[in-house]
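Next comes model_39.cif, with mmCIF, C-alpha atoms.
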```cif
data_coords
loop_
_atom_site.group_PDB
_atom_site.id
_atom_site.type_symbol
_atom_site.label_atom_id
_atom_site.label_comp_id
_atom_site.auth_asym_id
_atom_site.auth_seq_id
_atom_site.Cartn_x
_atom_site.Cartn_y
_atom_site.Cartn_z
ATOM 1 C CA MET B 1 -41.777 -45.999 21.726
ATOM 2 C CA ILE B 2 -40.775 -46.948 25.289
ATOM 3 C CA ALA B 3 -40.044 -43.894 27.413
ATOM 4 C CA LYS B 4 -36.507 -43.547 28.756
ATOM 5 C CA GLN B 5 -36.300 -43.829 32.516
ATOM 6 C CA PHE B 6 -33.936 -42.159 34.954
ATOM 7 C CA ARG B 7 -30.972 -44.356 35.886
ATOM 8 C CA ASN B 8 -28.809 -43.663 38.899
ATOM 9 C CA LEU B 9 -25.016 -43.909 38.698
ATOM 10 C CA ASP B 10 -24.921 -47.528 39.886
ATOM 11 C CA GLU B 11 -27.423 -48.506 37.199
ATOM 12 C CA GLN B 12 -25.530 -46.572 34.526
ATOM 13 C CA VAL B 13 -22.344 -48.460 35.376
ATOM 14 C CA GLU B 14 -24.181 -51.796 35.286
ATOM 15 C CA ILE B 15 -25.667 -51.012 31.851
ATOM 16 C CA LEU B 16 -22.186 -50.309 30.458
ATOM 17 C CA LYS B 17 -20.757 -53.457 32.031
ATOM 18 C CA HIS B 18 -23.677 -55.506 30.705
ATOM 19 C CA LYS B 19 -22.774 -54.295 27.196
ATOM 20 C CA GLY B 20 -19.215 -55.557 27.638
ATOM 21 C CA LEU B 21 -17.386 -52.404 28.713
ATOM 22 C CA ILE B 22 -14.557 -53.107 31.161
ATOM 23 C CA ILE B 23 -14.684 -50.807 34.185
ATOM 24 C CA HIS B 24 -11.653 -51.188 36.438
ATOM 25 C CA ASP B 25 -12.533 -48.380 38.850
ATOM 26 C CA GLU B 26 -16.258 -47.994 39.402
ATOM 27 C CA LYS B 27 -15.837 -45.021 41.734
ATOM 28 C CA TYR B 28 -13.890 -43.148 39.050
ATOM 29 C CA ALA B 29 -16.436 -44.131 36.385
ATOM 30 C CA LYS B 30 -19.282 -42.784 38.511
ATOM 31 C CA GLN B 31 -17.459 -39.489 39.040
ATOM 32 C CA VAL B 32 -16.981 -39.128 35.284
ATOM 33 C CA LEU B 33 -20.588 -40.051 34.512
ATOM 34 C CA LEU B 34 -21.830 -37.523 37.057
ATOM 35 C CA ARG B 35 -19.673 -34.710 35.653
ATOM 36 C CA GLU B 36 -19.983 -35.480 31.966
ATOM 37 C CA ASN B 37 -23.473 -37.006 31.627
ATOM 38 C CA TYR B 38 -24.055 -40.662 30.688
ATOM 39 C CA PHE B 39 -25.987 -39.714 27.558
ATOM 40 C CA PHE B 40 -23.184 -37.574 26.099
ATOM 41 C CA LEU B 41 -20.415 -40.015 26.993
ATOM 42 C CA ASN B 42 -22.418 -42.893 25.550
ATOM 43 C CA GLY B 43 -22.624 -40.956 22.283
ATOM 44 C CA TYR B 44 -18.999 -41.949 21.639
ATOM 45 C CA ARG B 45 -19.560 -45.698 21.907
ATOM 46 C CA HIS B 46 -20.159 -46.400 18.192
ATOM 47 C CA LEU B 47 -16.522 -46.933 17.199
ATOM 48 C CA PHE B 48 -16.100 -49.413 20.061
ATOM 49 C CA LEU B 49 -19.124 -51.583 19.218
ATOM 50 C CA LYS B 50 -18.778 -54.917 17.436
ATOM 51 C CA SER B 51 -21.212 -53.770 14.736
ATOM 52 C CA SER B 52 -24.162 -51.470 14.117
ATOM 53 C CA THR B 53 -26.494 -54.405 14.813
ATOM 54 C CA ASN B 54 -24.538 -56.087 17.597
ATOM 55 C CA LYS B 55 -24.403 -53.207 20.043
ATOM 56 C CA VAL B 56 -21.930 -54.849 22.376
ATOM 57 C CA PHE B 57 -18.467 -53.442 23.016
ATOM 58 C CA ILE B 58 -15.479 -54.989 21.290
ATOM 59 C CA GLU B 59 -13.702 -57.353 23.649
ATOM 60 C CA GLY B 60 -11.192 -55.542 25.808
ATOM 61 C CA THR B 61 -12.753 -52.080 25.470
ATOM 62 C CA THR B 62 -12.293 -50.125 28.685
ATOM 63 C CA PHE B 63 -14.141 -47.218 30.218
ATOM 64 C CA GLU B 64 -10.896 -45.236 30.011
ATOM 65 C CA GLU B 65 -10.806 -45.707 26.226
ATOM 66 C CA LEU B 66 -14.368 -44.513 25.831
ATOM 67 C CA TYR B 67 -13.635 -41.481 27.993
ATOM 68 C CA SER B 68 -10.405 -40.833 26.066
ATOM 69 C CA LEU B 69 -12.371 -40.488 22.827
ATOM 70 C CA PHE B 70 -14.777 -38.130 24.584
ATOM 71 C CA LEU B 71 -11.856 -36.000 25.847
ATOM 72 C CA PHE B 72 -10.167 -36.155 22.452
ATOM 73 C CA ASP B 73 -13.268 -34.739 20.786
ATOM 74 C CA ARG B 74 -13.485 -31.988 23.402
ATOM 75 C CA SER B 75 -9.830 -31.000 22.885
ATOM 76 C CA PHE B 76 -10.148 -31.198 19.097
ATOM 77 C CA ARG B 77 -13.333 -29.143 19.212
ATOM 78 C CA ASN B 78 -11.721 -26.481 21.410
ATOM 79 C CA ILE B 79 -8.799 -26.122 18.996
ATOM 80 C CA ILE B 80 -11.104 -25.855 15.983
ATOM 81 C CA PHE B 81 -13.291 -23.356 17.828
ATOM 82 C CA LYS B 82 -10.290 -21.166 18.635
ATOM 83 C CA TYR B 83 -9.277 -20.936 14.994
ATOM 84 C CA LEU B 84 -12.853 -20.481 13.792
ATOM 85 C CA LEU B 85 -12.956 -17.410 16.022
ATOM 86 C CA VAL B 86 -9.771 -16.198 14.315
ATOM 87 C CA ILE B 87 -11.456 -16.578 10.920
ATOM 88 C CA GLU B 88 -14.608 -14.890 12.208
ATOM 89 C CA ASN B 89 -12.622 -11.890 13.398
ATOM 90 C CA ASN B 90 -10.573 -11.734 10.175
ATOM 91 C CA LEU B 91 -13.661 -11.978 7.985
ATOM 92 C CA LYS B 92 -15.501 -9.269 9.895
ATOM 93 C CA SER B 93 -12.468 -6.992 9.644
ATOM 94 C CA ILE B 94 -12.005 -7.593 5.913
ATOM 95 C CA MET B 95 -15.693 -7.203 5.056
ATOM 96 C CA SER B 96 -16.108 -4.046 7.123
ATOM 97 C CA TYR B 97 -13.003 -2.514 5.551
ATOM 98 C CA GLN B 98 -13.992 -3.316 1.980
ATOM 99 C CA LEU B 99 -17.616 -2.234 2.355
ATOM 100 C CA SER B 100 -16.864 0.910 4.377
ATOM 101 C CA LYS B 101 -14.312 1.961 1.775
ATOM 102 C CA LYS B 102 -16.890 1.602 -0.977
ATOM 103 C CA TYR B 103 -20.214 2.526 0.632
ATOM 104 C CA GLY B 104 -19.406 4.585 3.711
ATOM 105 C CA TYR B 105 -19.068 3.895 7.413
ATOM 106 C CA LYS B 106 -22.393 5.066 8.868
ATOM 107 C CA GLU B 107 -25.432 2.799 9.220
ATOM 108 C CA SER B 108 -27.377 5.160 6.965
ATOM 109 C CA GLN B 109 -24.740 4.481 4.288
ATOM 110 C CA TYR B 110 -23.634 0.843 4.563
ATOM 111 C CA LEU B 111 -27.122 -0.542 5.236
ATOM 112 C CA ARG B 112 -28.648 0.944 2.096
ATOM 113 C CA TYR B 113 -30.694 -1.500 0.072
ATOM 114 C CA LYS B 114 -28.938 -0.496 -3.158
ATOM 115 C CA ASN B 115 -25.531 -1.608 -1.843
ATOM 116 C CA PHE B 116 -26.566 -5.259 -2.078
ATOM 117 C CA ASN B 117 -27.688 -7.753 -4.680
ATOM 118 C CA SER B 118 -31.359 -6.889 -5.115
ATOM 119 C CA THR B 119 -32.179 -9.281 -7.955
ATOM 120 C CA PRO B 120 -35.671 -10.828 -7.660
ATOM 121 C CA ASP B 121 -34.351 -14.119 -6.216
ATOM 122 C CA LYS B 122 -32.473 -12.238 -3.476
ATOM 123 C CA GLN B 123 -35.019 -9.590 -2.508
ATOM 124 C CA LYS B 124 -36.720 -11.463 0.345
ATOM 125 C CA GLN B 125 -33.389 -12.637 1.766
ATOM 126 C CA LEU B 126 -32.023 -9.100 1.527
ATOM 127 C CA HIS B 127 -35.058 -7.578 3.208
ATOM 128 C CA ASP B 128 -34.995 -10.139 6.035
ATOM 129 C CA LEU B 129 -31.249 -9.849 6.543
ATOM 130 C CA LEU B 130 -31.222 -6.059 6.804
ATOM 131 C CA LYS B 131 -33.932 -6.323 9.471
ATOM 132 C CA LYS B 132 -31.919 -8.907 11.391
ATOM 133 C CA MET B 133 -28.741 -6.824 11.134
ATOM 134 C CA LYS B 134 -30.461 -3.698 12.450
ATOM 135 C CA ARG B 135 -32.035 -5.703 15.272
ATOM 136 C CA GLN B 136 -28.727 -7.316 16.301
ATOM 137 C CA ILE B 137 -26.941 -3.977 16.214
ATOM 138 C CA ALA B 138 -29.658 -2.411 18.367
ATOM 139 C CA VAL B 139 -29.970 -5.265 20.888
ATOM 140 C CA ASN B 140 -26.367 -6.484 21.137
ATOM 141 C CA GLY B 141 -24.962 -3.009 20.652
ATOM 142 C CA SER B 142 -26.545 -1.795 23.871
ATOM 143 C CA GLN B 143 -24.373 -4.284 25.755
ATOM 144 C CA HIS B 144 -21.122 -3.463 23.931
ATOM 145 C CA SER B 145 -19.001 -0.548 25.157
ATOM 146 C CA ALA B 146 -17.597 0.416 21.748
ATOM 147 C CA THR B 147 -21.009 0.576 20.063
ATOM 148 C CA GLN B 148 -22.402 2.576 22.995
ATOM 149 C CA HIS B 149 -19.455 4.977 22.754
ATOM 150 C CA TYR B 150 -19.996 5.676 19.042
ATOM 151 C CA ALA B 151 -23.780 5.877 19.308
ATOM 152 C CA THR B 152 -23.582 8.274 22.265
ATOM 153 C CA ASN B 153 -20.711 10.487 21.123
ATOM 154 C CA TYR B 154 -21.041 10.437 17.343
ATOM 155 C CA GLY B 155 -24.646 9.441 16.661
ATOM 156 C CA TYR B 156 -23.706 6.503 14.451
ATOM 157 C CA ILE B 157 -21.952 3.107 14.662
ATOM 158 C CA PRO B 158 -19.303 2.444 11.979
ATOM 159 C CA LEU B 159 -19.382 -0.931 10.284
ATOM 160 C CA TRP B 160 -16.007 -1.978 11.722
ATOM 161 C CA ILE B 161 -17.580 -1.610 15.174
ATOM 162 C CA SER B 162 -21.039 -2.985 14.433
ATOM 163 C CA VAL B 163 -19.621 -6.235 12.981
ATOM 164 C CA LYS B 164 -18.387 -7.085 16.476
ATOM 165 C CA VAL B 165 -21.981 -7.474 17.641
ATOM 166 C CA LEU B 166 -23.164 -9.344 14.541
ATOM 167 C CA SER B 167 -23.156 -13.156 14.685
ATOM 168 C CA PHE B 168 -20.967 -15.184 12.338
ATOM 169 C CA GLY B 169 -24.181 -16.530 10.811
ATOM 170 C CA ILE B 170 -25.396 -13.021 9.982
ATOM 171 C CA VAL B 171 -22.034 -12.027 8.489
ATOM 172 C CA SER B 172 -22.021 -15.248 6.475
ATOM 173 C CA GLU B 173 -25.510 -14.502 5.170
ATOM 174 C CA MET B 174 -24.453 -10.926 4.452
ATOM 175 C CA PHE B 175 -21.770 -12.217 2.094
ATOM 176 C CA GLN B 176 -24.423 -14.172 0.163
ATOM 177 C CA ILE B 177 -26.315 -10.984 -0.754
ATOM 178 C CA LEU B 178 -23.346 -8.791 -1.623
ATOM 179 C CA LYS B 179 -22.965 -7.681 -5.199
ATOM 180 C CA ARG B 180 -20.860 -10.087 -7.248
ATOM 181 C CA GLU B 181 -17.956 -7.646 -7.568
ATOM 182 C CA ASP B 182 -17.863 -7.186 -3.775
ATOM 183 C CA GLN B 183 -17.944 -10.932 -3.199
ATOM 184 C CA LYS B 184 -15.103 -11.358 -5.645
ATOM 185 C CA GLU B 185 -12.973 -8.670 -4.031
ATOM 186 C CA ILE B 186 -13.357 -10.232 -0.569
ATOM 187 C CA ALA B 187 -12.879 -13.816 -1.798
ATOM 188 C CA ASN B 188 -9.707 -12.811 -3.659
ATOM 189 C CA ILE B 189 -8.090 -11.883 -0.357
ATOM 190 C CA TYR B 190 -8.427 -15.545 0.631
ATOM 191 C CA ASN B 191 -7.315 -16.715 -2.815
ATOM 192 C CA VAL B 192 -10.606 -18.551 -3.412
ATOM 193 C CA ASP B 193 -13.407 -17.905 -5.862
ATOM 194 C CA GLU B 194 -16.642 -16.290 -4.711
ATOM 195 C CA GLU B 195 -18.651 -19.477 -5.342
ATOM 196 C CA SER B 196 -16.459 -21.451 -2.944
ATOM 197 C CA MET B 197 -16.544 -18.603 -0.437
ATOM 198 C CA SER B 198 -20.346 -18.596 -0.542
ATOM 199 C CA LEU B 199 -20.265 -22.312 0.254
ATOM 200 C CA TYR B 200 -17.581 -22.145 2.941
ATOM 201 C CA LEU B 201 -19.019 -19.407 5.128
ATOM 202 C CA PRO B 202 -22.332 -21.106 6.091
ATOM 203 C CA MET B 203 -20.381 -24.301 6.810
ATOM 204 C CA LEU B 204 -17.959 -22.396 9.039
ATOM 205 C CA ALA B 205 -20.842 -20.693 10.835
ATOM 206 C CA ASN B 206 -22.500 -24.068 11.438
ATOM 207 C CA TYR B 207 -19.276 -25.572 12.774
ATOM 208 C CA ARG B 208 -18.817 -22.553 15.015
ATOM 209 C CA ASN B 209 -22.247 -23.176 16.554
ATOM 210 C CA LEU B 210 -21.561 -26.897 16.866
ATOM 211 C CA CYS B 211 -18.330 -26.185 18.733
ATOM 212 C CA ALA B 212 -19.909 -23.527 20.937
ATOM 213 C CA HIS B 213 -22.637 -25.968 22.023
ATOM 214 C CA GLU B 214 -20.187 -28.853 22.542
ATOM 215 C CA ASP B 215 -21.854 -31.233 20.114
ATOM 216 C CA ILE B 216 -19.944 -34.277 18.843
ATOM 217 C CA LEU B 217 -17.453 -33.000 16.290
ATOM 218 C CA PHE B 218 -15.161 -35.772 15.098
ATOM 219 C CA GLU B 219 -17.756 -37.735 13.144
ATOM 220 C CA ASN B 220 -19.901 -34.807 12.032
ATOM 221 C CA LYS B 221 -21.009 -34.816 8.390
ATOM 222 C CA THR B 222 -22.460 -31.787 6.639
ATOM 223 C CA GLN B 223 -25.247 -31.677 4.104
ATOM 224 C CA LYS B 224 -23.230 -29.370 1.882
ATOM 225 C CA ILE B 225 -20.284 -30.716 -0.105
ATOM 226 C CA ILE B 226 -17.227 -28.609 -0.892
ATOM 227 C CA ASN B 227 -15.806 -28.462 -4.392
ATOM 228 C CA ASP B 228 -12.765 -30.511 -5.362
ATOM 229 C CA THR B 229 -9.516 -28.716 -4.557
ATOM 230 C CA ILE B 230 -5.846 -29.076 -5.371
ATOM 231 C CA TYR B 231 -5.431 -30.489 -1.864
ATOM 232 C CA HIS B 232 -7.591 -33.519 -2.632
ATOM 233 C CA GLN B 233 -5.430 -34.162 -5.653
ATOM 234 C CA LEU B 234 -2.010 -33.654 -4.070
ATOM 235 C CA LEU B 235 -2.879 -35.762 -1.028
ATOM 236 C CA LYS B 236 -3.944 -38.502 -3.458
ATOM 237 C CA ILE B 237 -7.288 -39.023 -1.757
ATOM 238 C CA PRO B 238 -8.958 -42.044 -3.398
ATOM 239 C CA LYS B 239 -12.102 -41.747 -5.482
ATOM 240 C CA GLU B 240 -15.257 -43.803 -5.861
ATOM 241 C CA ASN B 241 -17.531 -43.176 -8.841
ATOM 242 C CA ASP B 242 -15.257 -40.246 -9.710
ATOM 243 C CA GLU B 243 -15.878 -38.596 -6.316
ATOM 244 C CA TYR B 244 -13.306 -38.137 -3.571
ATOM 245 C CA VAL B 245 -14.168 -40.316 -0.582
ATOM 246 C CA GLN B 246 -12.654 -37.962 2.001
ATOM 247 C CA GLY B 247 -12.567 -34.221 2.510
ATOM 248 C CA LYS B 248 -15.920 -33.397 0.931
ATOM 249 C CA ASN B 249 -18.531 -33.180 3.711
ATOM 250 C CA ASP B 250 -16.619 -34.510 6.712
ATOM 251 C CA LEU B 251 -14.322 -32.973 9.294
ATOM 252 C CA PHE B 252 -11.392 -33.043 6.886
ATOM 253 C CA ALA B 253 -13.416 -30.869 4.503
ATOM 254 C CA LEU B 254 -13.459 -28.299 7.302
ATOM 255 C CA ILE B 255 -9.673 -28.615 7.644
ATOM 256 C CA ILE B 256 -9.325 -27.947 3.904
ATOM 257 C CA ILE B 257 -11.447 -24.811 4.281
ATOM 258 C CA LEU B 258 -9.307 -23.689 7.217
ATOM 259 C CA LYS B 259 -6.213 -24.296 5.109
ATOM 260 C CA GLN B 260 -7.502 -21.762 2.615
ATOM 261 C CA MET B 261 -8.755 -19.165 5.078
ATOM 262 C CA LEU B 262 -6.185 -19.122 7.879
ATOM 263 C CA THR B 263 -2.743 -17.601 7.499
ATOM 264 C CA GLU B 264 0.023 -20.134 6.910
ATOM 265 C CA ASP B 265 1.355 -19.627 10.440
ATOM 266 C CA ASP B 266 -2.069 -20.073 12.024
ATOM 267 C CA PHE B 267 -2.747 -23.202 10.002
ATOM 268 C CA LYS B 268 0.638 -24.649 10.916
ATOM 269 C CA ASN B 269 0.067 -23.947 14.615
ATOM 270 C CA MET B 270 -3.412 -25.444 14.455
ATOM 271 C CA SER B 271 -2.084 -28.586 12.755
ATOM 272 C CA ILE B 272 0.537 -29.060 15.480
ATOM 273 C CA GLU B 273 -2.122 -28.732 18.162
ATOM 274 C CA LEU B 274 -4.432 -31.180 16.384
ATOM 275 C CA ASP B 275 -1.604 -33.668 15.886
ATOM 276 C CA ASN B 276 -0.818 -33.559 19.610
ATOM 277 C CA VAL B 277 -4.362 -34.487 20.634
ATOM 278 C CA ILE B 278 -4.485 -37.233 17.976
ATOM 279 C CA GLU B 279 -1.242 -38.691 19.331
ATOM 280 C CA THR B 280 -2.603 -38.545 22.880
ATOM 281 C CA LEU B 281 -5.692 -40.478 21.812
ATOM 282 C CA ASN B 282 -3.534 -42.961 19.909
ATOM 283 C CA TYR B 283 -1.581 -43.640 23.110
ATOM 284 C CA ASN B 284 -4.803 -44.279 25.054
ATOM 285 C CA LEU B 285 -6.437 -46.650 22.557
ATOM 286 C CA ASN B 286 -6.127 -50.422 22.856
ATOM 287 C CA SER B 287 -9.229 -52.123 21.462
ATOM 288 C CA ILE B 288 -9.292 -50.084 18.228
ATOM 289 C CA LYS B 289 -6.612 -48.336 16.165
ATOM 290 C CA ILE B 290 -6.317 -44.604 15.634
ATOM 291 C CA ASP B 291 -6.807 -45.256 11.902
ATOM 292 C CA LYS B 292 -10.443 -46.129 12.620
ATOM 293 C CA VAL B 293 -10.979 -42.767 14.312
ATOM 294 C CA LEU B 294 -9.225 -40.862 11.514
ATOM 295 C CA LYS B 295 -11.302 -42.664 8.888
ATOM 296 C CA ASN B 296 -14.482 -41.626 10.681
ATOM 297 C CA MET B 297 -13.237 -38.035 10.636
ATOM 298 C CA GLY B 298 -12.488 -38.225 6.906
ATOM 299 C CA PHE B 299 -8.782 -37.733 7.590
ATOM 300 C CA PRO B 300 -6.368 -39.430 5.168
ATOM 301 C CA LEU B 301 -3.338 -40.966 6.888
ATOM 302 C CA ASN B 302 -1.125 -38.341 5.235
ATOM 303 C CA TRP B 303 -3.260 -35.421 6.435
ATOM 304 C CA LYS B 304 -0.255 -33.655 7.978
ATOM 305 C CA ASP B 305 1.187 -33.156 4.489
ATOM 306 C CA LEU B 306 -1.467 -30.479 4.041
ATOM 307 C CA VAL B 307 0.774 -28.093 5.976
ATOM 308 C CA LYS B 308 3.547 -28.484 3.396
ATOM 309 C CA ILE B 309 1.366 -27.530 0.423
ATOM 310 C CA GLU B 310 1.614 -23.849 -0.447
ATOM 311 C CA ARG B 311 -1.746 -22.118 -0.782
ATOM 312 C CA SER B 312 -0.629 -20.329 -3.945
ATOM 313 C CA VAL B 313 -0.616 -23.629 -5.832
ATOM 314 C CA ASP B 314 -4.421 -23.561 -5.650
ATOM 315 C CA GLU B 315 -4.472 -20.880 -8.330
ATOM 316 C CA ASN B 316 -3.312 -23.429 -10.905
ATOM 317 C CA TYR B 317 -5.850 -26.097 -10.029
ATOM 318 C CA VAL B 318 -8.330 -27.212 -12.640
ATOM 319 C CA SER B 319 -10.972 -29.666 -11.425
#
```
Show this structure as structure tokens.
Amino acid sequence: MIAKQFRNLDEQVEILKHKGLIIHDEKYAKQVLLRENYFFLNGYRHLFLKSSTNKVFIEGTTFEELYSLFLFDRSFRNIIFKYLLVIENNLKSIMSYQLSKKYGYKESQYLRYKNFNSTPDKQKQLHDLLKKMKRQIAVNGSQHSATQHYATNYGYIPLWISVKVLSFGIVSEMFQILKREDQKEIANIYNVDEESMSLYLPMLANYRNLCAHEDILFENKTQKIINDTIYHQLLKIPKENDEYVQGKNDLFALIIILKQMLTEDDFKNMSIELDNVIETLNYNLNSIKIDKVLKNMGFPLNWKDLVKIERSVDENYVS
């Protein structure tokens, strides 16, 4: 494999022009490339190429269009991240309340081995997770004023405080090793079954990390596939080989999860914000249509109808 060489800003611009990208203002393009990084900006070129084999830009594609898609993904990612943090906070609050009510609020109570699913297939995971939880509470807790306050003044840290210093990934994994009745009680609050909840949480944690590290979001596909929902059916998403072609392991699958886990008001507000950035991108596109972007995201053209569907209807869905 030929090693990649450093290219200065002039060379970066020439490479893009050589591939057919129209650059009206080279000074502006260089400023953008310096601030945003050629490699990351170039990661958005795929939708503007003639084909996967002919890696030349579609005629008429401008630097501004390429940058618009980059900025669209950043804005979309920031909105998703904001609402993932809402879910993270809600989940931590709900789990700490339910578990403290049942098992107690001191570490010596809520971190007992017997409080969790200790079946043979879960024992290693349980053992490892409890170690990670204790380590995160000890390390992160020393930098958190509330945990320091409780540890210093009371000699213990209640679960509703310690969850603040636990990562979303740890809390997600914690749900996986809860007893079935505890999983069910927490999942019921979101009006989903515990199997779906067990699938959703790792996906949400992964998306949270993706957003936090500013990776490309709009065309991300997950390895895990969500179950069919009433929303797939009511939006009339097409099927191939009896499988829905959208909303299973793409960005729209994440939107379906958010539909089920956010409050109706939060989901409505999020949808308005997402629609605004989609419309902004639509205005800035010339060489391709917004439909091509939405298709890559797994979004059906009627995605906004998701807001109108009441979550309670999901109770009557039979896949």
Residues picked by the PyMOL selection byres ((chain B and resi 205) around 9) here, as a list in words? Leu84, Glu88, Ser167, Phe168, Gly169, Ile170, Ser172, Tyr200, Leu201, Pro202, Met203, Leu204, Asn206, Tyr207, Arg208, Asn209 and Leu210 of chain B
Need the shell around Ala29 (chain B): protein/DNA/RNA residues with any atom at most 9 Å away, counting only C-alpha atoms. Skip same-chain ones fewer than 5 positions apart. Format as a PyMOL selection string? chain B and resi 9+13+23-24+34+63-64
Write out as JSON, numbers by chain which residues come within 12 Å of Gly155 (chain B) when counting only C-alpha atoms, dropping same-chain ones fewer than 6 positions away. {"B": [106, 107, 108, 147, 148, 149]}
When the PyMOL selection byres ((chain B and resi 290) around 12) is applied to the file above, which residues end up in the set, as a count of residues only? 30
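As for CA of Leu91 (chain B) and CA of Ile255 (chain B), they are spaced 17.1 Å apart.
Taking only C-alpha atoms into account, Gln260 (chain B) lies nearest to B:Asn191 out of the set B:Gln176, B:Asn191, B:Asn78, B:Thr62.
Pairwise distance (CA of Asp265 (chain B), CA of Trp160 (chain B)) equals 24.8 Å.
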For this file, the PyMOL selection byres ((chain B and resi 226) around 6) selects which residues, as a PyMOL selection string? chain B and resi 225+227+248
Could the residues in this selection be saved with C-alpha atoms as an mmCIF file, in the coordinates of the input?
```
data_model
loop_
_atom_site.group_PDB
_atom_site.id
_atom_site.type_symbol
_atom_site.label_atom_id
_atom_site.label_comp_id
_atom_site.auth_asym_id
_atom_site.auth_seq_id
_atom_site.Cartn_x
_atom_site.Cartn_y
_atom_site.Cartn_z
ATOM 1 C CA ILE B 225 -20.284 -30.716 -0.105
ATOM 2 C CA ASN B 227 -15.806 -28.462 -4.392
ATOM 3 C CA LYS B 248 -15.920 -33.397 0.931
#
```
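Note that the spacing between CA of His127 (chain B) and CA of Tyr113 (chain B) amounts to 8.1 Å.
Nearest residue to Ala212 (chain B) among B:Ile79, B:Leu306, B:Gln136, B:Val32 is B:Ile79, counting all atoms listed in the file.
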Using all atoms listed in the file, can you list as a compact mmCIF listing (two decimals) with C-alpha atoms, keeping the file's coordinate frame the residues within 12 Å of (-3.1, -23.0, -1.5)?
```
# COMPACT_ATOMS: atom_id res chain seq x y z
CA TYR B 190 -8.43 -15.54 0.63
CA ASN B 191 -7.32 -16.72 -2.82
CA VAL B 192 -10.61 -18.55 -3.41
CA THR B 229 -9.52 -28.72 -4.56
CA ILE B 230 -5.85 -29.08 -5.37
CA TYR B 231 -5.43 -30.49 -1.86
CA HIS B 232 -7.59 -33.52 -2.63
CA LEU B 234 -2.01 -33.65 -4.07
CA ILE B 256 -9.32 -27.95 3.90
CA ILE B 257 -11.45 -24.81 4.28
CA LEU B 258 -9.31 -23.69 7.22
CA LYS B 259 -6.21 -24.30 5.11
CA GLN B 260 -7.50 -21.76 2.62
CA MET B 261 -8.76 -19.16 5.08
CA LEU B 262 -6.18 -19.12 7.88
CA THR B 263 -2.74 -17.60 7.50
CA GLU B 264 0.02 -20.13 6.91
CA PHE B 267 -2.75 -23.20 10.00
CA LEU B 306 -1.47 -30.48 4.04
CA VAL B 307 0.77 -28.09 5.98
CA LYS B 308 3.55 -28.48 3.40
CA ILE B 309 1.37 -27.53 0.42
CA GLU B 310 1.61 -23.85 -0.45
CA ARG B 311 -1.75 -22.12 -0.78
CA SER B 312 -0.63 -20.33 -3.94
CA VAL B 313 -0.62 -23.63 -5.83
CA ASP B 314 -4.42 -23.56 -5.65
CA GLU B 315 -4.47 -20.88 -8.33
CA ASN B 316 -3.31 -23.43 -10.90
CA TYR B 317 -5.85 -26.10 -10.03
```
How would you write as a PyMOL selection string the residues that get within 12 Å of (-10.3, -6.3, 13.8) in the file's frame, counting only C-alpha atoms? chain B and resi 85-97+159-164
Nearest residue to Lys268 (chain B) out of B:Lys304, B:Arg74, B:Lys236, B:Lys27, using all atoms listed in the file? B:Lys304
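Among B:Gln98, B:Asn276, B:Asn117, B:Asn54, the residue with the shortest atom-to-atom distance to Ala187 (chain B), counting all atoms listed in the file, is B:Gln98.
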Distance criterion (all atoms listed in the file): nearest to Ile22 (chain B) out of B:Phe57, B:Tyr105, B:Phe81, B:Phe116: B:Phe57
